[in-house]
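Student: So I've got this file, input18.txt, and it contains compact mmCIF, C-alpha atoms:
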# COMPACT_ATOMS: atom_id res chain seq x y z
CA MET A 1 98.67 57.40 67.07
CA ILE A 2 95.60 59.56 66.75
CA GLY A 3 95.90 62.73 68.84
CA ALA A 4 93.41 64.01 71.37
CA PHE A 5 92.20 66.72 69.00
CA GLN A 6 91.37 64.26 66.22
CA LEU A 7 89.51 61.97 68.63
CA GLY A 8 87.57 64.90 70.04
CA LEU A 9 86.63 66.09 66.57
CA LEU A 10 85.49 62.58 65.56
CA ALA A 11 83.40 62.24 68.70
CA ALA A 12 81.89 65.67 68.13
CA CYS A 13 80.86 64.74 64.60
CA ILE A 14 79.21 61.55 65.84
CA VAL A 15 77.42 63.36 68.64
CA LEU A 16 76.28 66.13 66.31
CA PHE A 17 75.30 64.42 63.06
CA VAL A 18 73.93 61.07 64.26
CA PRO A 19 71.24 62.61 66.53
CA MET A 20 70.46 65.23 63.89
CA GLY A 21 69.98 62.51 61.26
CA MET A 22 67.76 60.51 63.55
CA ALA A 23 65.83 63.62 64.48
CA GLY A 24 65.38 64.48 60.81
CA TRP A 25 64.04 61.00 60.10
CA HIS A 26 61.55 60.88 62.97
CA LEU A 27 60.69 64.58 63.31
CA SER A 28 60.46 65.64 59.69
CA ARG A 29 56.87 66.75 60.21
CA ASN A 30 57.80 69.03 63.13
CA LYS A 31 60.47 71.43 61.85
CA VAL A 32 60.40 73.61 64.97
CA LEU A 33 61.25 70.65 67.17
CA PHE A 34 63.91 69.52 64.71
CA PHE A 35 65.77 72.84 64.65
CA SER A 36 65.46 73.23 68.43
CA CYS A 37 67.18 69.87 68.91
CA ALA A 38 69.85 70.77 66.33
CA LEU A 39 70.57 74.09 68.02
CA PHE A 40 70.84 72.49 71.45
CA ILE A 41 73.22 69.80 70.23
CA THR A 42 75.37 72.35 68.36
CA LEU A 43 75.73 74.51 71.45
CA ALA A 44 76.63 71.49 73.59
CA VAL A 45 79.30 70.38 71.14
CA GLY A 46 80.66 73.94 70.96
CA VAL A 47 81.13 74.04 74.73
CA HIS A 48 83.05 70.77 74.69
CA LEU A 49 85.27 71.84 71.80
CA MET A 50 86.17 75.25 73.23
CA PRO A 51 89.15 73.98 75.32
CA TYR A 52 90.79 72.83 72.07
CA PHE A 53 90.73 76.43 70.76
CA PRO A 54 92.40 78.71 73.34
CA SER A 55 92.25 81.65 70.95
CA ILE A 56 88.46 81.57 71.21
CA SER A 57 88.58 81.61 74.98
CA ALA A 58 91.03 84.50 74.91
CA PHE A 59 88.78 86.39 72.54
CA ILE A 60 85.67 86.20 74.70
CA SER A 61 87.54 86.79 77.97
CA THR A 62 87.17 90.49 78.81
CA SER A 63 89.25 90.64 81.99
CA GLU A 64 92.55 90.74 80.10
CA VAL A 65 91.32 93.39 77.69
CA ILE A 66 90.01 95.65 80.43
CA SER A 67 93.18 95.61 82.54
CA LEU A 68 95.66 96.09 79.70
CA PRO A 69 95.38 99.85 79.10
CA THR A 70 96.09 100.71 82.77
CA SER A 71 99.24 98.56 82.77
CA LEU A 72 100.43 100.05 79.48
CA TYR A 73 99.80 103.60 80.74
CA ARG A 74 101.72 102.98 83.93
CA ASP A 75 104.69 101.35 82.22
CA SER A 76 104.86 103.99 79.47
CA CYS A 77 104.86 106.84 82.00
CA LEU A 78 107.73 105.20 83.86
CA LEU A 79 109.65 105.30 80.59
CA PHE A 80 109.22 109.08 80.31
CA LEU A 81 110.17 109.97 83.89
CA HIS A 82 113.65 111.11 82.86
CA SER A 83 112.39 113.52 80.20
CA VAL A 84 113.64 116.66 81.92
CA MET A 85 115.50 119.83 81.02
CA TYR A 86 117.76 122.12 83.08
CA ARG A 87 118.25 125.84 82.91
CA GLU A 88 120.25 128.51 84.73
CA ASP A 89 118.39 130.80 87.10
CA SER A 90 121.30 133.21 87.53
CA GLU A 91 124.69 134.01 86.12
CA CYS A 92 127.59 131.73 86.99
CA ASP A 93 130.06 132.83 89.64
CA ASP A 94 133.77 132.87 88.96
CA LEU A 95 134.65 131.23 92.28
CA VAL A 96 133.99 127.54 92.18
CA GLY A 97 134.79 125.27 95.09
CA GLY A 98 135.87 121.67 95.01
CA ILE A 99 134.05 118.78 96.59
CA SER A 100 134.91 115.92 98.86
CA ASP A 101 132.88 113.35 100.76
CA ASN A 102 132.72 115.49 103.86
CA ASN A 103 130.97 118.50 102.39
CA ASN A 104 128.23 119.34 99.96
CA ASN A 105 130.02 121.93 97.92
CA ASN A 106 129.05 120.33 94.63
CA GLU A 107 127.71 123.51 93.05
CA SER A 108 129.47 124.62 89.89
CA GLY A 109 128.83 128.27 90.62
CA CYS A 110 125.55 128.33 88.66
CA LYS A 111 122.15 128.11 90.30
CA LYS A 112 120.09 125.60 88.32
CA SER A 113 116.43 124.72 88.02
CA TRP A 114 114.73 121.95 86.08
CA GLU A 115 111.37 120.99 84.61
CA TRP A 116 109.77 118.05 82.86
CA ILE A 117 109.43 118.55 79.11
CA ASN A 118 105.73 119.31 78.71
CA THR A 119 105.15 117.91 75.24
CA GLY A 120 103.40 114.85 73.85
CA GLN A 121 103.24 111.77 76.03
CA VAL A 122 105.30 113.38 78.80
CA GLU A 123 102.60 115.99 79.28
CA GLU A 124 99.89 113.30 79.28
CA CYS A 125 101.60 111.58 82.20
CA GLU A 126 101.09 114.71 84.34
CA PHE A 127 104.33 114.45 86.29
CA GLN A 128 104.48 116.91 89.16
CA LYS A 129 107.18 118.39 91.35
CA LEU A 130 106.10 117.41 94.81
CA ARG A 131 106.14 120.24 97.31
CA ARG A 132 107.20 119.77 100.89
CA SER A 133 103.65 118.99 102.00
CA ASP A 134 103.09 116.47 99.18
CA ALA A 135 106.40 114.70 99.82
CA SER A 136 105.70 114.64 103.56
CA ASP A 137 102.31 113.04 102.95
CA LEU A 138 103.80 110.44 100.62
CA LEU A 139 106.68 109.55 102.95
CA ASN A 140 104.66 109.86 106.16
CA GLY A 141 105.56 107.04 108.55
CA SER A 142 108.05 105.54 106.08
CA TRP A 143 111.47 104.05 106.62
CA VAL A 144 113.83 105.18 103.86
CA VAL A 145 117.28 103.64 103.46
CA VAL A 146 119.88 105.22 101.17
CA ALA A 147 123.06 103.20 100.64
CA GLY A 148 126.17 103.73 98.55
CA ASP A 149 128.92 106.27 98.02
CA SER A 150 128.95 110.08 97.90
CA GLN A 151 126.44 110.06 95.03
CA SER A 152 123.92 108.29 97.25
CA ARG A 153 124.73 110.64 100.12
CA LEU A 154 123.77 113.58 97.90
CA MET A 155 120.48 111.80 97.16
CA ALA A 156 119.86 111.59 100.89
CA VAL A 157 120.56 115.33 101.13
CA SER A 158 117.92 116.06 98.48
CA ILE A 159 115.33 113.97 100.31
CA LEU A 160 116.03 115.74 103.59
CA GLU A 161 116.01 119.18 101.96
CA LEU A 162 112.57 118.37 100.57
CA VAL A 163 111.03 117.33 103.90
CA LEU A 164 113.08 119.50 106.29
CA GLY A 165 113.87 122.53 104.16
CA ALA A 166 117.32 124.01 103.50
CA GLU A 167 117.57 125.42 107.02
CA GLY A 168 116.79 122.06 108.57
CA VAL A 169 119.53 120.36 106.57
CA GLU A 170 122.00 123.11 107.45
CA ARG A 171 121.59 122.26 111.14
CA ILE A 172 122.56 118.61 110.56
CA ARG A 173 125.12 119.17 107.79
CA GLU A 174 128.18 118.47 109.94
CA ASP A 175 126.90 115.06 111.05
CA LEU A 176 125.45 114.21 107.65
CA PHE A 177 128.76 114.77 105.86
CA LYS A 178 131.15 113.01 108.21
CA ARG A 179 133.61 111.30 105.91
CA HIS A 180 132.85 107.67 105.05
CA SER A 181 130.26 107.28 107.80
CA ASP A 182 126.66 106.22 108.28
CA TYR A 183 123.95 108.66 109.30
CA SER A 184 120.47 108.23 110.75
CA ILE A 185 117.70 110.71 111.43
CA MET A 186 114.07 110.57 112.53
CA VAL A 187 111.88 113.33 111.10
CA GLU A 188 109.42 113.53 113.96
CA GLU A 189 106.92 115.79 112.18
CA ILE A 190 106.01 113.09 109.67
CA GLY A 191 107.34 109.99 111.41
CA MET A 192 109.84 109.30 108.63
CA LYS A 193 113.10 107.59 109.43
CA LEU A 194 116.02 107.96 107.02
CA ASP A 195 119.18 105.90 107.26
CA PHE A 196 122.21 106.58 105.11
CA VAL A 197 124.54 103.57 104.93
CA TRP A 198 128.07 104.11 103.68
CA ALA A 199 128.47 101.22 101.21
CA PRO A 200 130.71 102.33 98.32
CA TYR A 201 131.33 98.87 96.81
CA ALA A 202 128.76 96.55 95.25
CA ALA A 203 129.84 93.88 97.73
CA ASN A 204 128.96 96.27 100.58
CA LEU A 205 125.42 96.49 99.22
CA THR A 206 125.18 92.71 99.22
CA ASP A 207 126.21 92.70 102.87
CA LEU A 208 123.42 95.20 103.56
CA MET A 209 120.87 92.92 101.86
CA VAL A 210 122.01 90.05 104.07
CA ARG A 211 121.60 92.18 107.20
CA LEU A 212 118.13 93.29 106.15
CA LYS A 213 117.14 89.69 105.47
CA GLN A 214 118.42 88.55 108.84
CA SER A 215 116.71 91.39 110.69
CA LYS A 216 113.36 90.51 109.06
CA SER A 217 112.66 94.24 108.99
CA LEU A 218 112.56 95.92 105.60
CA PRO A 219 112.43 99.60 104.69
CA ASP A 220 109.59 101.02 102.63
CA VAL A 221 111.96 102.69 100.17
CA LEU A 222 115.51 101.64 99.37
CA LEU A 223 117.89 103.69 97.21
CA MET A 224 121.31 102.24 96.51
CA GLY A 225 124.10 102.46 94.02
CA ALA A 226 127.73 101.55 93.44
CA GLY A 227 130.38 101.64 90.76
CA LEU A 228 132.66 104.62 91.28
CA TRP A 229 134.73 103.02 94.04
CA ASP A 230 134.82 99.67 92.25
CA MET A 231 136.02 101.50 89.15
CA LEU A 232 138.72 103.47 90.95
CA HIS A 233 140.06 100.93 93.45
CA VAL A 234 139.36 97.57 91.74
CA ASN A 235 139.12 98.61 88.09
CA ASN A 236 137.78 95.31 86.82
CA ALA A 237 134.45 95.52 85.01
CA THR A 238 133.99 91.75 84.87
CA GLU A 239 134.41 91.44 88.62
CA PHE A 240 131.94 94.29 89.06
CA GLY A 241 129.41 92.38 86.96
CA ILE A 242 129.85 89.28 89.12
CA SER A 243 129.27 91.36 92.25
CA LEU A 244 126.09 92.80 90.75
CA ARG A 245 124.73 89.34 89.94
CA ILE A 246 125.35 88.25 93.52
CA LEU A 247 123.63 91.42 94.70
CA ARG A 248 120.64 90.69 92.46
CA ASP A 249 120.23 87.22 93.95
CA HIS A 250 120.18 88.68 97.46
CA VAL A 251 117.75 91.43 96.49
CA LEU A 252 115.34 88.82 95.17
CA THR A 253 115.30 87.11 98.57
CA LEU A 254 113.73 90.29 99.98
CA LEU A 255 110.89 90.32 97.45
CA PRO A 256 107.81 88.07 97.42
CA VAL A 257 107.97 86.96 93.79
CA SER A 258 106.11 84.20 91.98
CA SER A 259 107.59 80.70 91.94
CA ASN A 260 107.90 80.78 88.13
CA LEU A 261 110.50 83.57 88.29
CA ASP A 262 113.16 81.90 86.17
CA LEU A 263 110.74 80.29 83.72
CA HIS A 264 110.24 83.50 81.77
CA GLY A 265 113.65 84.37 80.42
CA GLY A 266 114.95 85.36 83.83
CA ARG A 267 112.44 88.19 84.13
CA VAL A 268 111.06 89.02 87.55
CA ARG A 269 107.32 88.50 87.88
CA GLU A 270 106.14 90.08 91.10
CA SER A 271 102.78 89.37 92.66
CA LYS A 272 100.33 92.23 93.02
CA SER A 273 100.96 92.32 96.77
CA SER A 274 104.74 92.51 96.50
CA HIS A 275 105.16 96.28 96.14
CA PHE A 276 105.65 97.07 99.82
CA LEU A 277 109.41 97.45 99.19
CA HIS A 278 110.29 99.98 96.50
CA ILE A 279 113.92 99.74 95.35
CA PHE A 280 115.78 102.27 93.20
CA TRP A 281 119.27 102.12 91.73
CA VAL A 282 121.35 105.30 91.82
CA GLY A 283 123.29 105.12 88.57
CA MET A 284 126.77 106.54 88.09
CA PRO A 285 126.89 110.10 86.74
CA THR A 286 128.61 111.26 83.57
CA LEU A 287 132.32 111.48 84.39
CA ILE A 288 134.22 114.43 82.89
CA THR A 289 137.67 112.86 82.82
CA SER A 290 139.59 116.07 82.29
CA MET A 291 137.97 117.62 85.37
CA LEU A 292 138.69 114.77 87.80
CA ASN A 293 140.95 115.92 90.63
CA THR A 294 143.65 113.21 90.70
CA ASN A 295 145.84 111.52 88.11
CA GLU A 296 144.62 108.10 89.27
CA LYS A 297 141.01 109.07 88.61
CA ARG A 298 141.85 110.48 85.21
CA GLU A 299 143.67 107.27 84.25
CA LYS A 300 141.13 104.77 85.58
CA MET A 301 137.78 106.52 85.30
CA THR A 302 137.64 107.12 81.56
CA THR A 303 134.53 107.16 79.42
CA ALA A 304 135.42 103.75 77.96
CA VAL A 305 135.78 102.19 81.41
CA CYS A 306 132.55 103.80 82.54
CA ASN A 307 130.78 102.34 79.50
CA SER A 308 132.10 98.87 80.33
CA TYR A 309 130.77 99.16 83.88
CA ASP A 310 127.36 100.24 82.59
CA THR A 311 127.39 97.26 80.22
CA GLU A 312 127.97 94.94 83.17
CA LEU A 313 125.12 96.61 85.04
CA ASP A 314 122.76 96.04 82.11
CA GLY A 315 123.87 92.41 81.78
CA SER A 316 123.43 91.64 85.48
CA LYS A 317 119.62 91.76 85.20
CA LEU A 318 119.58 93.81 88.36
CA LEU A 319 117.56 96.62 86.78
CA ARG A 320 113.92 96.42 85.83
CA GLU A 321 114.67 97.50 82.26
CA SER A 322 116.67 94.29 81.78
CA GLY A 323 114.25 92.03 83.65
CA GLY A 324 115.37 92.70 87.22
CA PRO A 325 113.68 94.02 90.36
CA ILE A 326 115.14 97.55 90.63
CA LEU A 327 114.04 100.76 88.92
CA LYS A 328 117.02 102.83 87.76
CA LEU A 329 117.50 106.50 88.48
CA ASP A 330 119.62 107.32 85.44
CA MET A 331 122.13 109.77 86.91
CA ARG A 332 124.33 109.52 83.83
CA LEU A 333 121.52 110.78 81.65
CA LEU A 334 120.46 113.50 84.09
CA SER A 335 124.00 114.78 84.64
CA ASP A 336 124.64 114.71 80.91
CA LEU A 337 121.48 116.76 80.32
CA CYS A 338 122.67 119.30 82.87
CA GLY A 339 126.06 119.56 81.16
CA THR A 340 129.70 120.09 82.08
CA HIS A 341 129.01 123.48 83.66
CA CYS A 342 126.91 121.67 86.31
CA THR A 343 129.96 120.08 87.96
CA ALA A 344 133.03 121.44 89.68
CA ASP A 345 135.06 118.24 89.82
CA GLY A 346 133.75 116.13 86.92
CA MET A 347 131.95 113.72 89.23
CA HIS A 348 129.62 115.49 91.67
CA TYR A 349 126.93 117.69 90.17
CA ASN A 350 124.72 120.66 90.89
CA GLY A 351 122.00 120.00 93.45
CA ALA A 352 119.33 120.32 90.75
CA VAL A 353 120.47 116.98 89.28
CA TYR A 354 119.91 115.12 92.56
CA ASP A 355 116.70 117.04 93.25
CA SER A 356 115.29 115.97 89.88
CA ALA A 357 116.30 112.36 90.55
CA ILE A 358 114.40 112.39 93.86
CA GLN A 359 111.33 113.88 92.19
CA ILE A 360 111.54 111.14 89.55
CA MET A 361 111.64 108.58 92.37
CA LEU A 362 108.64 110.14 94.12
CA ASN A 363 106.61 110.25 90.91
CA ALA A 364 107.49 106.60 90.29
CA LEU A 365 106.12 105.80 93.75
CA LEU A 366 102.92 107.66 92.88
CA ILE A 367 102.58 105.83 89.56
CA GLU A 368 103.11 102.40 91.07
CA SER A 369 100.62 103.08 93.86
CA ASN A 370 98.10 104.72 91.49
CA GLN A 371 98.18 108.02 93.37
CA LYS A 372 98.45 111.67 92.44
CA PRO A 373 99.49 114.63 94.57
CA GLN A 374 96.68 116.95 95.57
I need this file expressed as structure tokens, please.
Tutor:
Amino acid sequence: MIGAFQLGLLAACIVLFVPMGMAGWHLSRNKVLFFSCALFITLAVGVHLMPYFPSISAFISTSEVISLPTSLYRDSCLLFLHSVMYREDSECDDLVGGISDNNNNNESGCKKSWEWINTGQVEECEFQKLRRSDASDLLNGSWVVVAGDSQSRLMAVSILELVLGAEGVERIREDLFKRHSDYSIMVEEIGMKLDFVWAPYAANLTDLMVRLKQSKSLPDVLLMGAGLWDMLHVNNATEFGISLRILRDHVLTLLPVSSNLDLHGGRVRESKSSHFLHIFWVGMPTLITSMLNTNEKREKMTTAVCNSYDTELDGSKLLRESGGPILKLDMRLLSDLCGTHCTADGMHYNGAVYDSAIQIMLNALLIESNQKPQ
């Protein structure tokens, strides 16, 4: 059977050459009229044939070409957000305290600071440490939810220290660090509400997604993470991966995504108006097995086990880097960059690590909303 393309080409030849031949026969004495008719017919045939050559249409369409550089710039800068370095601001103290979920004594005895590496493409992205005023402007009137284990709680501390100051956090420290408990605060000066939800297991995070869906009220920014408690108390990487896939499905119900979501290799394709909910994943830190404070932790939370849990996270397609909806705050990379002297117990790190993660989150918000701090 002759295909549509062959029939179209045959018809085009008839339409083009038959009138031209007739015109040449009858209008041979008027060459201007002859070539005018030929040009008109050629253009008409070209218009009708264009749908059969999509590459031509793509070539002359300028809208795709114009929008591409902005998208590439934004995506490339997101890739460089974790390009940071840490340094000591003072000598290390000999006395180093331990840490538990009910306090914030995660300092290793060394006061740390951090900076973005100002070279090459990182410098071109113009990342900035947001000051208190900048962060307050960005989070003004926002509802921020932080959910997870003690790692997520320390992220909440860094957010509050940025908008309230160290003295402000000191006044609420006792309530903020009640063991295994939720915490909520309204920062009246900027109208920002922050809720910390104690949800140490991946399944707890799924329950939170269900509650948010049922309430029909979504936060503006959601930070969440899990893995340490699953690793210690369940110790089954495969089961952890299953929990993450279930979590991903529930997260997607909160996002207005296009109907062709699963027709592109499982990659999430969000509409341009779907960025009202910004979600970040608080990754597990580097675990220094020899420094962990119990035999059970040292036996179960090894580097090999941690790697298997990270593999399950990558395979769950929960993170944007693997086609999912959530941007990862790579705490394992950041804590590794800070080094072993940045932790007192092999699990919880110097405040500079969590501060840098929050600044990475804030800069990601600026990038995705095409803003820059003043």
Student: How close does each residue of range 163-237 of chain A get to range 276-296 of chain A, giving the shortest atom pair and distance in Å to one decimal for every residue with an atom at most 12 Å away, counting only C-alpha atoms, sorted by chain and residue number, as JSON lines?
Tutor:
{"residue": "A:Pro200", "atom": "CA", "partner": "A:Met284", "partner_atom": "CA", "distance": 11.7}
{"residue": "A:Ala202", "atom": "CA", "partner": "A:Trp281", "partner_atom": "CA", "distance": 11.6}
{"residue": "A:Leu205", "atom": "CA", "partner": "A:Trp281", "partner_atom": "CA", "distance": 11.2}
{"residue": "A:Met209", "atom": "CA", "partner": "A:Ile279", "partner_atom": "CA", "distance": 11.7}
{"residue": "A:Leu212", "atom": "CA", "partner": "A:Leu277", "partner_atom": "CA", "distance": 11.9}
{"residue": "A:Ser217", "atom": "CA", "partner": "A:Leu277", "partner_atom": "CA", "distance": 10.8}
{"residue": "A:Leu218", "atom": "CA", "partner": "A:Leu277", "partner_atom": "CA", "distance": 7.3}
{"residue": "A:Pro219", "atom": "CA", "partner": "A:Leu277", "partner_atom": "CA", "distance": 6.6}
{"residue": "A:Asp220", "atom": "CA", "partner": "A:Leu277", "partner_atom": "CA", "distance": 5.0}
{"residue": "A:Val221", "atom": "CA", "partner": "A:His278", "partner_atom": "CA", "distance": 4.9}
{"residue": "A:Leu222", "atom": "CA", "partner": "A:Ile279", "partner_atom": "CA", "distance": 4.7}
{"residue": "A:Leu223", "atom": "CA", "partner": "A:Phe280", "partner_atom": "CA", "distance": 4.7}
{"residue": "A:Met224", "atom": "CA", "partner": "A:Trp281", "partner_atom": "CA", "distance": 5.2}
{"residue": "A:Gly225", "atom": "CA", "partner": "A:Val282", "partner_atom": "CA", "distance": 4.5}
{"residue": "A:Ala226", "atom": "CA", "partner": "A:Met284", "partner_atom": "CA", "distance": 7.4}
{"residue": "A:Gly227", "atom": "CA", "partner": "A:Met284", "partner_atom": "CA", "distance": 6.6}
{"residue": "A:Leu228", "atom": "CA", "partner": "A:Met284", "partner_atom": "CA", "distance": 7.0}
{"residue": "A:Trp229", "atom": "CA", "partner": "A:Met284", "partner_atom": "CA", "distance": 10.5}
{"residue": "A:Asp230", "atom": "CA", "partner": "A:Met284", "partner_atom": "CA", "distance": 11.4}
{"residue": "A:Met231", "atom": "CA", "partner": "A:Met284", "partner_atom": "CA", "distance": 10.6}
{"residue": "A:Leu232", "atom": "CA", "partner": "A:Glu296", "partner_atom": "CA", "distance": 7.7}
{"residue": "A:His233", "atom": "CA", "partner": "A:Glu296", "partner_atom": "CA", "distance": 9.5}
{"residue": "A:Asn235", "atom": "CA", "partner": "A:Glu296", "partner_atom": "CA", "distance": 11.0}
Student: Considering all atoms listed in the file, state which residue in the set A:Thr303, A:Ser152, A:Thr238, A:Asn204 is at the smallest distance from Gly346 in chain A.
Tutor: A:Thr303
Student: Just give me the residues with any atom within 10 Å of (125.2, 96.3, 84.5), file coordinates, counting all atoms listed in the file, written as a ChimeraX atom specification.
Tutor: /A:227,237-238,240-242,244-245,283,307-319,322
Student: CA of Asp137 in chain A to CA of Leu78 in chain A: how many Å, to one decimal?
Tutor: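 That distance, rounded to one decimal, is 21.3 Å.
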Student: Would you mind reading off the distance between CA of Leu247 in chain A and CA of Asp207 in chain A, one decimal, in Å?
Tutor: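 Atom-to-atom, CA of Leu247 in chain A to CA of Asp207 in chain A, that is 8.7 Å.
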Student: Pick from A:Leu208, A:Phe177, A:Trp114, A:Glu124: nearest to Ser76 in chain A, with only C-alpha atoms counted?
Tutor: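 That would be A:Glu124, the residue with the smallest distance to Ser76 in chain A.
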Student: Tell me which protein, DNA and RNA residues are within 12 Å of Lys193 in chain A, counting all atoms listed in the file, leaving out same-chain ones fewer than 5 positions away, and put them as a PyMOL selection string.
Tutor: chain A and resi 136+139-146+156+159-160+163+183-188+219-222
Student: As a PyMOL selection string, please: the residues near Val251 in chain A (cut-off 9 Å, all atoms listed in the file, same-chain neighbours under 2 positions excluded).
Tutor: chain A and resi 206+209-210+246-249+253-255+318+325-326
Student: I'd like the interatomic distance between CA of Lys111 in chain A and CA of Gly339 in chain A, to a tenth of an Å.
Tutor: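 According to the coordinates, CA of Lys111 in chain A and CA of Gly339 in chain A are separated by 13.1 Å.
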Student: From the list A:Ser181, A:Asn236, A:Asn370, A:Asn118, which residue is nearest Val84 in chain A when using all atoms listed in the file?
Tutor: A:Asn118
